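Undergrad: Input: one structure, supplied below.
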Amino acid sequence: MNVYDVIIVGGGAAGFFAAINIAEQNSDLKIAILERGKEGLQKVKISGGGRCNVTHAEFIPSELVLNYPRGEKELLGPFHQFMTGDTIEWFEKRGVDLKIEEDGRMFPVSNSSQTIIDCFLNEAEKHQVDVLYNHSVKSIHQINTADVMLSGVETSQTRKMFHIETNQGDFSSEKLLIATGSNPKIWNLLEELNHTISQPVPSLFTFDIKDERIKDIPGVVALDVDVAVVDSDLFSEGPLLITHVGMSAPSILKLSAFGAIELAKRDYKFDIEINFIKQDFEDCIEQLKVLKQDLAKKTVYKSAQFDLPKRLWQKLVVASEMTNETRWADLNKSQLEQFTAQLTKAIFKVTGKSTFKDEFVTAGGINLKEVNFKTFESKLYENLYFAGEILNIDAVTGGFNFQNAWSGAYIAAKAISKS
């Protein structure tokens, strides 16, 4: 039996962050990370295209929580304890400077996720954290144990210990933190401990759309659009990217995150309405009437307006019963109305989803009502803690999921090191 004071299951972002902070705050504790893979920190490695999107430059807790479709209410308190600024300071103290990009995302100045990985590995080694790879957890139980060794001191006092069975032997610890992300096997083990798991569904995904209006123009970006799911309250705005299979970019990803549960119920088959120019129908048609006078001799096809990409504009023109040669002066009432509708309330049929296989994010996990968010401790078991995506918390893209991991891991570490 391998006995530790603290065992952390999961060698990802939250697991390493918790281990390092526990060790720093209480050097007397013997700590181990059990990681099922041959190496850890895989999401850190691939995040942000290999640059690691560490966090987001939002420094007001009440604003930051708005980026979490699940966890908004629960994270408000934790973000007052450990916030974006604390994350920046934590890394800077360990020699990792971060930079802010135009969209608010924050990366290491090195533009390499390896910088973050090296920081974690060095800190873990420095604080003598045992990182055990290829250790897959098979079962977790809490048992009463007497005559065990804690921190090298034998005691006959009966206490509750966690017994963890792995493919490479058994482990025991008084305190257990689980940070395995969206891992169905671990969720199943937690259900055996009577924790409730909210049904997992994909959270960040792009929309599959087959439509002549976006065919053959992958890579085209509309910088600011409104997108709504028809027959729902789901709405988003921001840049929209046309891909070879449909649509992506922040406006779509945000919609997929906030609509994760609803869109799963619809089996990812639904209609969206897009306002490409963020104007209402009446204002748009009046502007088109002015253009009909001002650009009378020019063709509509070659006269892109409203800062729309030329290729997208041309697709919408053709979809409005016009040809490449239709002049502004020749527009009839029907064409004007159709074109206005294409610009301000175009309907597209979504037929499925495409997920980022490597940067997969899931809505679902441990029921948040079963966790004390002052410490991230289970309400069902004393000395059982959680951090990261194992909880039913997820965010939109942009570094927010990592900030949840840092905050939860730090607060859990603080509680573990004191108790």
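In the structure tokens, chains take the letters A, B, ... in the order shown, each chain's residues start at 1, and ligands count up from 1 in the order shown.
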Would you please give, as number ranges by chain, all residues of segment 74-262 of chain A that DSSP assigns to strand (DSSP E or B) based on the backbone?
TA: A: 98-100, 105-108, 130-132, 137-145, 148-150, 153-155, 159-166, 169-178, 197-202, 205-209, 221-229, 235-242, 246-248
Undergrad: Could you take the residues named above and write them with C-alpha atoms, as a PDB file, in the first residue's frame?
TA:
```
ATOM      1  CA  LEU A  98       1.894  36.640 -19.930  1.00  0.00           C
ATOM      2  CA  LYS A  99       0.688  38.955 -22.680  1.00  0.00           C
ATOM      3  CA  ILE A 100      -2.773  40.205 -23.641  1.00  0.00           C
ATOM      4  CA  ARG A 105      -6.937  36.177 -24.579  1.00  0.00           C
ATOM      5  CA  MET A 106      -3.733  35.813 -22.589  1.00  0.00           C
ATOM      6  CA  PHE A 107      -0.733  33.700 -23.588  1.00  0.00           C
ATOM      7  CA  PRO A 108       2.810  33.233 -22.361  1.00  0.00           C
ATOM      8  CA  ASP A 130       5.450  12.481  -6.816  1.00  0.00           C
ATOM      9  CA  VAL A 131       4.051  12.476 -10.357  1.00  0.00           C
ATOM     10  CA  LEU A 132       3.088   8.913 -11.260  1.00  0.00           C
ATOM     11  CA  VAL A 137      -7.686   4.526 -11.293  1.00  0.00           C
ATOM     12  CA  LYS A 138     -10.026   1.531 -11.059  1.00  0.00           C
ATOM     13  CA  SER A 139     -11.880   2.213  -7.811  1.00  0.00           C
ATOM     14  CA  ILE A 140     -12.210   4.755  -5.006  1.00  0.00           C
ATOM     15  CA  HIS A 141     -13.491   3.991  -1.516  1.00  0.00           C
ATOM     16  CA  GLN A 142     -13.425   5.763   1.822  1.00  0.00           C
ATOM     17  CA  ILE A 143     -12.613   3.409   4.692  1.00  0.00           C
ATOM     18  CA  ASN A 144     -11.807   3.572   8.391  1.00  0.00           C
ATOM     19  CA  THR A 145      -8.148   2.792   8.892  1.00  0.00           C
ATOM     20  CA  VAL A 148      -1.453   3.781   9.256  1.00  0.00           C
ATOM     21  CA  MET A 149       1.558   5.880   8.507  1.00  0.00           C
ATOM     22  CA  LEU A 150       0.856   9.556   7.923  1.00  0.00           C
ATOM     23  CA  VAL A 153       4.486   9.023  11.845  1.00  0.00           C
ATOM     24  CA  GLU A 154       2.663   5.908  13.003  1.00  0.00           C
ATOM     25  CA  THR A 155      -0.670   6.487  14.691  1.00  0.00           C
ATOM     26  CA  ARG A 159      -9.478   7.856  10.798  1.00  0.00           C
ATOM     27  CA  LYS A 160     -11.210   7.891   7.456  1.00  0.00           C
ATOM     28  CA  MET A 161      -8.900   7.256   4.546  1.00  0.00           C
ATOM     29  CA  PHE A 162      -9.437   7.092   0.808  1.00  0.00           C
ATOM     30  CA  HIS A 163      -8.394   3.819  -0.759  1.00  0.00           C
ATOM     31  CA  ILE A 164      -7.547   4.146  -4.461  1.00  0.00           C
ATOM     32  CA  GLU A 165      -6.987   1.049  -6.578  1.00  0.00           C
ATOM     33  CA  THR A 166      -4.965   1.538  -9.772  1.00  0.00           C
ATOM     34  CA  GLY A 169      -1.047  -0.932  -7.179  1.00  0.00           C
ATOM     35  CA  ASP A 170      -3.131   0.503  -4.366  1.00  0.00           C
ATOM     36  CA  PHE A 171      -2.839   3.917  -2.749  1.00  0.00           C
ATOM     37  CA  SER A 172      -4.191   5.451   0.414  1.00  0.00           C
ATOM     38  CA  SER A 173      -4.558   9.055   1.558  1.00  0.00           C
ATOM     39  CA  GLU A 174      -6.515  11.089   4.045  1.00  0.00           C
ATOM     40  CA  LYS A 175      -7.221  13.804   1.489  1.00  0.00           C
ATOM     41  CA  LEU A 176      -8.192  13.282  -2.121  1.00  0.00           C
ATOM     42  CA  LEU A 177      -8.579  15.813  -4.928  1.00  0.00           C
ATOM     43  CA  ILE A 178     -10.024  14.682  -8.233  1.00  0.00           C
ATOM     44  CA  ILE A 197     -23.463  13.464 -12.442  1.00  0.00           C
ATOM     45  CA  SER A 198     -25.217  15.898 -14.771  1.00  0.00           C
ATOM     46  CA  GLN A 199     -25.547  14.259 -18.171  1.00  0.00           C
ATOM     47  CA  PRO A 200     -22.489  15.223 -20.251  1.00  0.00           C
ATOM     48  CA  VAL A 201     -23.031  16.799 -23.670  1.00  0.00           C
ATOM     49  CA  PRO A 202     -20.612  18.635 -26.003  1.00  0.00           C
ATOM     50  CA  PHE A 205     -18.694  22.958 -31.331  1.00  0.00           C
ATOM     51  CA  THR A 206     -19.159  24.371 -34.810  1.00  0.00           C
ATOM     52  CA  PHE A 207     -22.304  24.102 -36.910  1.00  0.00           C
ATOM     53  CA  ASP A 208     -22.578  21.837 -39.950  1.00  0.00           C
ATOM     54  CA  ILE A 209     -24.500  23.673 -42.676  1.00  0.00           C
ATOM     55  CA  VAL A 221     -15.209  36.155 -41.989  1.00  0.00           C
ATOM     56  CA  ALA A 222     -18.089  38.486 -41.157  1.00  0.00           C
ATOM     57  CA  LEU A 223     -16.624  40.573 -38.341  1.00  0.00           C
ATOM     58  CA  ASP A 224     -19.775  41.271 -36.313  1.00  0.00           C
ATOM     59  CA  VAL A 225     -23.093  39.467 -36.674  1.00  0.00           C
ATOM     60  CA  ASP A 226     -26.113  38.548 -34.575  1.00  0.00           C
ATOM     61  CA  VAL A 227     -27.009  34.846 -34.472  1.00  0.00           C
ATOM     62  CA  ALA A 228     -30.136  33.363 -32.913  1.00  0.00           C
ATOM     63  CA  VAL A 229     -31.526  29.844 -32.729  1.00  0.00           C
ATOM     64  CA  PHE A 235     -28.679  34.412 -29.000  1.00  0.00           C
ATOM     65  CA  SER A 236     -25.083  35.365 -29.650  1.00  0.00           C
ATOM     66  CA  GLU A 237     -23.020  37.977 -31.441  1.00  0.00           C
ATOM     67  CA  GLY A 238     -19.499  38.533 -32.701  1.00  0.00           C
ATOM     68  CA  PRO A 239     -17.325  37.331 -35.593  1.00  0.00           C
ATOM     69  CA  LEU A 240     -18.584  34.533 -37.827  1.00  0.00           C
ATOM     70  CA  LEU A 241     -16.309  32.268 -39.877  1.00  0.00           C
ATOM     71  CA  ILE A 242     -17.526  30.292 -42.859  1.00  0.00           C
ATOM     72  CA  GLY A 246     -20.508  25.206 -42.114  1.00  0.00           C
ATOM     73  CA  MET A 247     -19.937  28.018 -39.619  1.00  0.00           C
ATOM     74  CA  SER A 248     -17.606  28.696 -36.686  1.00  0.00           C
TER      75      SER A 248
END
```
Undergrad: Any chance you could tabulate, as CSV, the residues of segment 79-152 of chain A at most 12 Å from segment 15-35 of chain A with each one's nearest atom pair and distance in Å to one decimal, using only C-alpha atoms, in chain and rising number order?
TA:
```
residue,atom,partner,partner_atom,distance
A:Thr87,CA,A:Phe17,CA,10.6
A:Trp90,CA,A:Asn21,CA,10.1
A:Phe91,CA,A:Phe17,CA,10.8
A:Arg94,CA,A:Ile20,CA,11.7
A:Ile116,CA,A:Phe17,CA,10.8
A:Ile117,CA,A:Phe16,CA,9.6
A:Asp118,CA,A:Phe16,CA,11.5
A:Cys119,CA,A:Phe16,CA,10.2
A:Phe120,CA,A:Phe16,CA,6.5
A:Leu121,CA,A:Phe16,CA,8.2
A:Asn122,CA,A:Ile20,CA,9.8
A:Glu123,CA,A:Ile20,CA,6.4
A:Ala124,CA,A:Ile20,CA,5.7
A:Glu125,CA,A:Ile20,CA,9.2
A:Lys126,CA,A:Ile20,CA,9.1
A:His127,CA,A:Ala23,CA,6.0
A:Gln128,CA,A:Ile31,CA,7.9
A:Val129,CA,A:Ile31,CA,5.3
A:Asp130,CA,A:Ala32,CA,4.5
A:Val131,CA,A:Ile33,CA,4.8
A:Leu132,CA,A:Leu34,CA,5.2
A:Tyr133,CA,A:Glu35,CA,4.8
A:Asn134,CA,A:Glu35,CA,6.1
A:His135,CA,A:Glu35,CA,5.5
A:Ser136,CA,A:Glu35,CA,6.7
A:Val137,CA,A:Leu34,CA,7.9
A:Lys138,CA,A:Leu34,CA,11.6
A:Met149,CA,A:Lys30,CA,11.1
A:Leu150,CA,A:Lys30,CA,8.5
A:Ser151,CA,A:Lys30,CA,6.3
A:Gly152,CA,A:Lys30,CA,9.1
```
Undergrad: In Å, how far is it from atom CA of Leu312 of chain A to atom CA of Ser232 of chain A?
TA: 26.4 Å
Undergrad: If we count only C-alpha atoms and set the cut-off at 7 Å, which residues sit around segment 261-271 of chain A, ignoring sequence neighbours fewer than 2 positions away in its own chain? Please answer as a CSV table (one decimal) with N, CA and C atoms, in the first residue's frame.
TA:
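Printed below is selection-v4.csv as written:
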```csv
chain,number,residue,atom,x,y,z
A,201,VAL,N,-22.8,16.5,-22.2
A,201,VAL,CA,-23.0,16.8,-23.7
A,201,VAL,C,-21.9,17.7,-24.2
A,229,VAL,N,-30.9,31.1,-32.4
A,229,VAL,CA,-31.5,29.8,-32.7
A,229,VAL,C,-33.0,30.1,-32.8
A,230,VAL,N,-33.6,29.7,-33.9
A,230,VAL,CA,-35.0,29.9,-34.2
A,230,VAL,C,-35.8,29.1,-33.1
A,259,GLY,N,-26.0,27.0,-25.5
A,259,GLY,CA,-27.1,26.2,-25.9
A,259,GLY,C,-26.8,24.7,-25.9
A,273,GLU,N,-31.0,32.1,-37.3
A,273,GLU,CA,-31.3,33.3,-38.0
A,273,GLU,C,-30.1,34.2,-37.8
A,347,ILE,N,-32.0,32.8,-42.8
A,347,ILE,CA,-32.3,31.5,-42.1
A,347,ILE,C,-31.3,30.4,-42.7
A,348,PHE,N,-30.6,29.7,-41.8
A,348,PHE,CA,-29.8,28.6,-42.3
A,348,PHE,C,-30.1,27.4,-41.5
A,349,LYS,N,-30.1,26.2,-42.1
A,349,LYS,CA,-30.5,25.0,-41.5
A,349,LYS,C,-29.2,24.3,-41.0
A,350,VAL,N,-29.1,24.1,-39.7
A,350,VAL,CA,-28.0,23.3,-39.1
A,350,VAL,C,-28.4,21.8,-39.1
A,351,THR,N,-27.4,21.0,-39.6
A,351,THR,CA,-27.7,19.6,-39.8
A,351,THR,C,-26.9,18.7,-38.8
A,352,GLY,N,-26.0,19.4,-38.1
A,352,GLY,CA,-25.1,18.6,-37.2
A,352,GLY,C,-24.0,19.5,-36.6
A,353,LYS,N,-23.1,18.9,-35.9
A,353,LYS,CA,-22.0,19.6,-35.2
A,353,LYS,C,-20.7,19.0,-35.6
```
Undergrad: Contacts of Gly71 of chain A at 10 Å or less, counting only C-alpha atoms, minus same-chain residues fewer than 6 places along, as a VMD selection string?
TA: chain A and resid 65 368 391 to 395 404
Undergrad: Counting only C-alpha atoms, which residue out of A:Gly49, A:Lys278, A:Gly365, A:Asn2 sits closest to Trp187 of chain A?
TA: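 Of A:Gly49, A:Lys278, A:Gly365, A:Asn2, the one nearest Trp187 of chain A is A:Gly365, counting only C-alpha atoms.
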Undergrad: I'd like the contact shell of Glu58 of chain A - 10 Å cut-off, only C-alpha atoms, skipping same-chain residues fewer than 2 positions apart - returned as an MDAnalysis selection string.
TA: chainID A and resid 55:56 60:65 83:85 104:105 400
Undergrad: Just the number, please: distance in Å from atom CA of Leu380 of chain A to atom CA of Asn167 of chain A, one decimal.
TA: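 If I compute the distance from atom CA of Leu380 of chain A to atom CA of Asn167 of chain A, I get 26.5 Å.
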